[in-house]
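Below is entry.txt, holding compact mmCIF, C-alpha atoms.
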```
# COMPACT_ATOMS: atom_id res chain seq x y z
CA MET X 1136 0.00 0.00 0.00
CA SER X 1137 2.90 2.35 0.68
CA ALA X 1138 4.16 1.85 -2.86
CA LEU X 1139 0.71 2.59 -4.26
CA GLU X 1140 0.47 5.74 -2.17
CA THR X 1141 3.80 6.83 -3.60
CA ARG X 1142 2.59 6.26 -7.16
CA LEU X 1143 -0.61 8.17 -6.38
CA ASN X 1144 1.34 10.92 -4.63
CA TYR X 1145 -1.28 10.69 -1.91
CA GLU X 1146 -1.03 9.32 1.65
CA PHE X 1147 -4.22 8.05 3.25
CA ALA X 1148 -5.13 9.32 6.68
CA ASP X 1149 -7.06 6.09 7.21
CA ARG X 1150 -5.75 3.16 5.20
CA ARG X 1151 -8.90 1.20 5.85
CA HIS X 1152 -10.44 3.21 3.01
CA LEU X 1153 -7.70 2.09 0.64
CA LYS X 1154 -7.95 -1.51 1.82
CA ARG X 1155 -11.68 -1.49 1.09
CA ALA X 1156 -11.04 0.04 -2.34
CA LEU X 1157 -8.71 -2.86 -3.11
CA THR X 1158 -11.21 -5.56 -2.07
CA HIS X 1159 -13.30 -7.14 -4.82
CA ARG X 1160 -16.90 -8.09 -4.08
CA SER X 1161 -15.97 -11.78 -4.40
CA ALA X 1162 -13.83 -11.43 -1.26
CA GLY X 1163 -16.69 -10.58 1.09
CA PRO X 1164 -19.28 -7.98 2.09
CA ASP X 1165 -16.75 -5.28 3.02
CA ASN X 1166 -15.84 -4.64 -0.62
CA ASN X 1167 -15.25 -1.75 -3.03
CA GLU X 1168 -18.60 -1.56 -4.82
CA ARG X 1169 -19.91 1.49 -2.93
CA LEU X 1170 -16.57 3.27 -3.29
CA GLU X 1171 -16.62 2.47 -7.02
CA PHE X 1172 -20.05 4.10 -7.31
CA LEU X 1173 -18.82 7.21 -5.51
CA GLY X 1174 -15.56 7.39 -7.45
CA ASP X 1175 -17.39 7.10 -10.76
CA GLY X 1176 -19.54 10.12 -9.92
CA VAL X 1177 -16.64 12.28 -8.76
CA LEU X 1178 -14.50 11.27 -11.75
CA ASN X 1179 -17.23 12.15 -14.25
CA PHE X 1180 -17.75 15.55 -12.66
CA VAL X 1181 -14.05 16.45 -12.47
CA ILE X 1182 -13.40 15.44 -16.07
CA ALA X 1183 -16.52 17.30 -17.23
CA ALA X 1184 -15.33 20.45 -15.43
CA GLU X 1185 -11.83 20.11 -16.91
CA LEU X 1186 -13.20 19.80 -20.44
CA PHE X 1187 -15.63 22.69 -19.90
CA GLU X 1188 -12.72 24.95 -18.91
CA ARG X 1189 -10.27 23.73 -21.54
CA LEU X 1190 -12.67 23.79 -24.50
CA PRO X 1191 -14.83 26.91 -24.13
CA ASP X 1192 -16.17 26.71 -27.68
CA ALA X 1193 -16.95 22.99 -27.83
CA PRO X 1194 -20.65 22.02 -28.09
CA GLU X 1195 -22.26 19.70 -25.56
CA GLY X 1196 -22.09 16.68 -27.88
CA ASP X 1197 -18.34 16.98 -28.36
CA LEU X 1198 -17.79 17.44 -24.62
CA SER X 1199 -19.88 14.36 -23.86
CA ARG X 1200 -17.98 12.18 -26.31
CA LEU X 1201 -14.60 13.42 -25.05
CA ARG X 1202 -15.60 12.74 -21.47
CA ALA X 1203 -16.79 9.25 -22.40
CA THR X 1204 -13.43 8.56 -24.03
CA LEU X 1205 -11.56 9.65 -20.90
CA VAL X 1206 -13.64 7.77 -18.33
CA ASN X 1207 -14.45 4.60 -20.28
CA GLU X 1208 -13.38 1.12 -19.25
CA PRO X 1209 -10.29 0.77 -21.50
CA THR X 1210 -8.87 4.13 -20.35
CA LEU X 1211 -9.43 3.33 -16.68
CA ALA X 1212 -7.85 -0.10 -17.18
CA GLU X 1213 -4.77 1.64 -18.63
CA ILE X 1214 -4.61 3.90 -15.59
CA ALA X 1215 -4.92 0.83 -13.36
CA ASP X 1216 -1.83 -0.60 -15.03
CA GLU X 1217 0.04 2.70 -14.69
CA ILE X 1218 -0.50 2.84 -10.92
CA GLY X 1219 -0.35 -0.93 -10.38
CA VAL X 1220 -3.60 -1.60 -8.53
CA ALA X 1221 -4.45 -4.98 -10.08
CA GLU X 1222 -1.63 -6.74 -8.25
CA LEU X 1223 -2.89 -5.40 -4.90
CA LEU X 1224 -6.53 -6.37 -5.42
CA THR X 1225 -7.96 -8.88 -2.95
CA LEU X 1226 -10.17 -11.43 -4.71
CA GLY X 1227 -12.30 -14.29 -3.47
CA PRO X 1228 -11.12 -17.89 -3.99
CA SER X 1229 -13.41 -18.40 -6.98
CA GLU X 1230 -11.96 -15.36 -8.78
CA THR X 1231 -8.28 -15.65 -7.92
CA GLY X 1232 -7.30 -18.24 -10.50
CA ASP X 1233 -9.61 -17.43 -13.41
CA GLY X 1234 -7.92 -14.29 -14.72
CA SER X 1235 -10.39 -11.85 -13.14
CA ARG X 1236 -7.53 -9.68 -11.91
CA ARG X 1237 -6.62 -8.83 -15.52
CA ARG X 1238 -10.12 -8.12 -16.80
CA ASP X 1239 -10.56 -4.53 -17.97
CA SER X 1240 -13.80 -4.19 -16.01
CA VAL X 1241 -12.21 -5.28 -12.74
CA ARG X 1242 -9.18 -3.01 -13.14
CA ALA X 1243 -11.34 -0.05 -14.17
CA ASP X 1244 -13.70 -0.54 -11.22
CA THR X 1245 -10.73 -0.64 -8.84
CA VAL X 1246 -9.45 2.73 -10.07
CA GLU X 1247 -12.89 4.25 -9.49
CA ALA X 1248 -12.95 2.71 -6.02
CA VAL X 1249 -9.55 4.21 -5.19
CA ILE X 1250 -10.85 7.61 -6.31
CA GLY X 1251 -13.88 7.13 -4.07
CA ALA X 1252 -11.62 6.15 -1.18
CA VAL X 1253 -9.60 9.36 -1.53
CA TYR X 1254 -12.83 11.36 -1.49
CA ILE X 1255 -13.95 9.67 1.75
CA ASP X 1256 -10.48 10.09 3.23
CA SER X 1257 -9.83 13.76 2.39
CA GLY X 1258 -12.70 15.33 0.47
CA PHE X 1259 -13.21 16.86 -2.94
CA ASP X 1260 -10.10 19.03 -3.37
CA ALA X 1261 -7.70 16.14 -2.74
CA THR X 1262 -9.71 13.91 -5.08
CA ARG X 1263 -9.72 16.51 -7.85
CA ASP X 1264 -5.94 16.88 -7.48
CA LEU X 1265 -5.51 13.10 -7.71
CA ILE X 1266 -7.63 12.87 -10.86
CA SER X 1267 -5.70 15.74 -12.41
CA ARG X 1268 -2.44 13.88 -11.79
CA LEU X 1269 -3.80 10.62 -13.22
CA TYR X 1270 -5.07 12.41 -16.32
CA THR X 1271 -2.33 14.98 -16.92
CA ASP X 1272 -1.08 13.58 -20.24
CA ARG X 1273 -4.53 12.61 -21.49
CA LEU X 1274 -5.95 16.07 -20.86
CA GLU X 1275 -2.98 17.69 -22.56
CA GLN X 1276 -3.36 15.46 -25.63
CA LEU X 1277 -7.10 15.37 -26.20
CA PRO X 1278 -8.29 13.68 -29.40
CA SER X 1279 -10.35 15.62 -31.90
CA ALA X 1280 -14.12 15.47 -31.44
CA ASP X 1281 -14.54 13.49 -34.68
CA ASP X 1282 -12.08 10.86 -33.48
CA THR X 1283 -14.26 10.20 -30.43
CA LYS X 1284 -17.24 9.11 -32.53
CA ASP X 1285 -17.68 5.37 -32.76
CA ALA X 1286 -17.16 3.62 -36.08
CA LYS X 1287 -20.86 3.01 -36.75
CA THR X 1288 -21.63 6.70 -36.28
CA ARG X 1289 -18.76 7.79 -38.51
CA LEU X 1290 -19.76 5.35 -41.25
CA GLN X 1291 -23.38 6.49 -41.15
CA GLU X 1292 -22.39 10.16 -41.27
CA TRP X 1293 -20.02 9.51 -44.18
CA LEU X 1294 -22.79 7.78 -46.13
CA GLN X 1295 -25.47 10.34 -45.30
CA ALA X 1296 -23.22 13.21 -46.40
CA ARG X 1297 -23.16 11.58 -49.83
CA GLY X 1298 -26.87 10.82 -49.99
CA ARG X 1299 -26.37 7.10 -49.55
CA GLN X 1300 -28.44 4.64 -47.53
CA ARG X 1301 -27.64 3.48 -44.02
CA PRO X 1302 -25.66 0.23 -43.71
CA HIS X 1303 -27.19 -3.05 -42.65
CA TYR X 1304 -25.84 -5.11 -39.74
CA GLU X 1305 -26.46 -8.72 -38.91
CA LEU X 1306 -25.09 -11.21 -36.41
CA VAL X 1307 -23.39 -13.98 -38.38
CA ARG X 1308 -22.47 -16.39 -35.59
CA THR X 1309 -21.18 -16.77 -32.05
CA GLU X 1310 -18.16 -18.83 -31.09
CA GLY X 1311 -16.66 -20.20 -27.89
CA ALA X 1312 -17.91 -21.15 -24.45
CA GLU X 1313 -20.59 -19.15 -22.62
CA HIS X 1314 -18.12 -17.33 -20.35
CA CYS X 1315 -15.75 -16.32 -23.17
CA ARG X 1316 -17.99 -16.00 -26.21
CA THR X 1317 -16.90 -14.28 -29.41
CA PHE X 1318 -19.46 -12.58 -31.64
CA VAL X 1319 -19.09 -12.22 -35.41
CA ALA X 1320 -21.13 -9.51 -37.13
CA TYR X 1321 -21.39 -8.43 -40.76
CA CYS X 1322 -21.75 -4.86 -42.00
CA ARG X 1323 -23.08 -4.46 -45.55
CA LEU X 1324 -23.78 -1.40 -47.67
CA VAL X 1325 -27.21 -1.85 -49.20
CA ASP X 1326 -26.39 0.15 -52.34
CA SER X 1327 -23.16 -1.66 -53.22
CA ASP X 1328 -21.35 -4.95 -52.75
CA VAL X 1329 -19.06 -3.58 -50.01
CA GLY X 1330 -19.19 -5.46 -46.73
CA ALA X 1331 -16.99 -6.80 -43.95
CA GLU X 1332 -17.04 -9.04 -40.90
CA GLY X 1333 -15.97 -8.00 -37.42
CA GLN X 1334 -15.32 -9.91 -34.22
CA GLY X 1335 -15.73 -8.83 -30.61
CA SER X 1336 -16.68 -9.88 -27.10
CA SER X 1337 -20.21 -8.52 -27.69
CA ARG X 1338 -22.45 -8.01 -30.69
CA ARG X 1339 -21.99 -4.25 -30.44
CA LYS X 1340 -18.21 -4.50 -30.45
CA ALA X 1341 -18.28 -6.87 -33.41
CA GLU X 1342 -20.48 -4.44 -35.35
CA GLN X 1343 -18.10 -1.59 -34.54
CA VAL X 1344 -15.13 -3.53 -35.92
CA ALA X 1345 -17.06 -4.41 -39.07
CA ALA X 1346 -18.16 -0.79 -39.53
CA MET X 1347 -14.59 0.46 -39.20
CA THR X 1348 -13.40 -1.94 -41.90
CA VAL X 1349 -16.18 -0.85 -44.26
CA LEU X 1350 -15.49 2.83 -43.55
CA GLU X 1351 -11.81 2.39 -44.35
CA ARG X 1352 -12.70 0.64 -47.61
CA VAL X 1353 -15.16 3.27 -48.86
CA ARG X 1354 -12.83 6.11 -47.92
CA ARG X 1355 -9.97 4.44 -49.75
CA ALA X 1356 -12.15 3.79 -52.80
CA SER X 1357 -13.37 7.39 -52.91
CA SER X 1358 -9.83 8.76 -52.86
CA GLU X 1359 -8.59 6.60 -55.71
```
Hey, can you dump this file as structure tokens for me?
Amino acid sequence: MSALETRLNYEFADRRHLKRALTHRSAGPDNNERLEFLGDGVLNFVIAAELFERLPDAPEGDLSRLRATLVNEPTLAEIADEIGVAELLTLGPSETGDGSRRRDSVRADTVEAVIGAVYIDSGFDATRDLISRLYTDRLEQLPSADDTKDAKTRLQEWLQARGRQRPHYELVRTEGAEHCRTFVAYCRLVDSDVGAEGQGSSRRKAEQVAAMTVLERVRRASSE
């Protein structure tokens, strides 16, 4: 815990808050779920306020997409790796050996719980300072608003701008066991023979991959 405090540049007045933040629900009733809920709310507000100040001319839609990019599961999982919380997480016996520690969702939830623990331990100002430290590089290197749109949205906007019909999506098949299923989706343009498959851990993710492939193909074709 001392090493984690050093990486966070924050020392807990009551380490019981940090211990709870590092306890998965599978390990017992005194777990990090409530702290995760609190940390999620504080994180969303602090990032929203940062974006509001940094981008005074950005419309609400752009701000919402940028915030979603900064507080989503993959980004929080990256932060978890940067501060090394996964290795300190206490899991129940059923979760210890099945790879749960490395799941993006578990690592992301733990970061939110740590943020919630700091809020309980020291209040809003200390929590805002912590979030600012965790997000320094990401806030300095914000993506463009268009880059934050998902692939399905970008493909649809590209087609609509050219008076073309919306693409069609269908689930082709699912593969693998129930607990680690892979979905395969197909994206097809209804006014041409362009189409592509995509794979993902959910139908939505598979459709996004397929849409990105189709978008790359039509953009490349239009520039030739």
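Nearest-residue note for Arg1142 of chain X: choosing from X:Arg1263, X:Arg1268, X:Arg1273, X:Arg1238, the minimum distance belongs to X:Arg1268, counting all atoms listed in the file.
If you look at atom CA of Phe1172 of chain X and atom CA of Leu1205 of chain X, they are 17.0 Å away from each other.
Every protein, DNA or RNA residue with an atom at most 9 Å from Val1206 of chain X, where all atoms listed in the file count and chain neighbours fewer than 5 positions away do not, is listed here: Asp1175, Leu1178, Asn1179, Ile1182, Leu1201 and Leu1211 of chain X.
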What's around Gly1333 of chain X at 10 Å? Count all atoms listed in the file, leave out sequence neighbours fewer than 5 positions away in its own chain, and write the answer as a PyMOL selection string.
chain X and resi 1306-1307+1318-1322+1338-1349
Using the file's own x, y and z axes, so that the box edges lie along x, y and z, what centre and edge lengths in Å (one decimal) does a box around every listed atom of segment 1303-1310 of chain X get when 3 Å is added on each side? Give it as JSON.
```
{"center_x": -22.7, "center_y": -10.9, "center_z": -36.9, "size_x": 15.0, "size_y": 21.8, "size_z": 17.6}
```
By how many Å are atom CA of Glu1313 of chain X and atom CA of Gln1334 of chain X apart?
15.7 Å
Point-to-point distance in Å for atom CA of Ala1193 of chain X and atom CA of Gly1298 of chain X
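Straight-line distance from atom CA of Gly1298 of chain X to atom CA of Ala1193 of chain X works out to 27.2 Å.
Using all atoms listed in the file, the shortest contact distance between Gly1251 of chain X and any of X:Leu1139, X:Ser1337, X:Arg1355, X:Leu1170 is found at X:Leu1170.
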Here is a test: counting all atoms listed in the file, which residue of X:Ile1266, X:Arg1297, X:Tyr1304, X:Ser1358 is nearest to Asn1144 of chain X?
X:Ile1266
Measuring atom to atom with all atoms listed in the file, identify which of X:Asp1264, X:Asp1149, X:Asp1244, X:Glu1213 is nearest to Glu1185 of chain X.
X:Asp1264
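Distances from X:Ile1255, X:Val1329, X:Ala1356, X:Leu1350 to Ala1148 of chain X were compared using only C-alpha atoms, and the smallest one belongs to X:Ile1255.
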Name the residues in contact with Ser1327 of chain X at a cut-off of 12 Å, using all atoms listed in the file, excluding same-chain residues fewer than 5 positions from it; report them as a list in words.
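So the residues in contact are Leu1294, Arg1299, Gln1300, Arg1301, Pro1302, His1303, Cys1322, Val1349 and Val1353 of chain X.
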Selected residues written out, C-alpha atoms, as a PDB file, in the frame of the given file:
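Just written: result25.pdb:
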```pdb
ATOM      1  CA  LEU X1294     -22.790   7.780 -46.130  1.00  0.00           C
ATOM      2  CA  ARG X1299     -26.370   7.100 -49.550  1.00  0.00           C
ATOM      3  CA  GLN X1300     -28.440   4.640 -47.530  1.00  0.00           C
ATOM      4  CA  ARG X1301     -27.640   3.480 -44.020  1.00  0.00           C
ATOM      5  CA  PRO X1302     -25.660   0.230 -43.710  1.00  0.00           C
ATOM      6  CA  HIS X1303     -27.190  -3.050 -42.650  1.00  0.00           C
ATOM      7  CA  CYS X1322     -21.750  -4.860 -42.000  1.00  0.00           C
ATOM      8  CA  VAL X1349     -16.180  -0.850 -44.260  1.00  0.00           C
ATOM      9  CA  VAL X1353     -15.160   3.270 -48.860  1.00  0.00           C
TER      10      VAL X1353
END
```
Fewer than 4 positions away in the same chain doesn't count, so skip those; otherwise give me all residues within 12 Å of Arg1237 of chain X, counting only C-alpha atoms, as a PyMOL selection string.
chain X and resi 1209+1212-1213+1215-1216+1219-1224+1226+1230-1233+1241-1245
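Among the candidates X:Asp1256, X:Glu1292, X:Glu1305, X:Glu1275, the one nearest to Tyr1145 of chain X when counting all atoms listed in the file is X:Asp1256.
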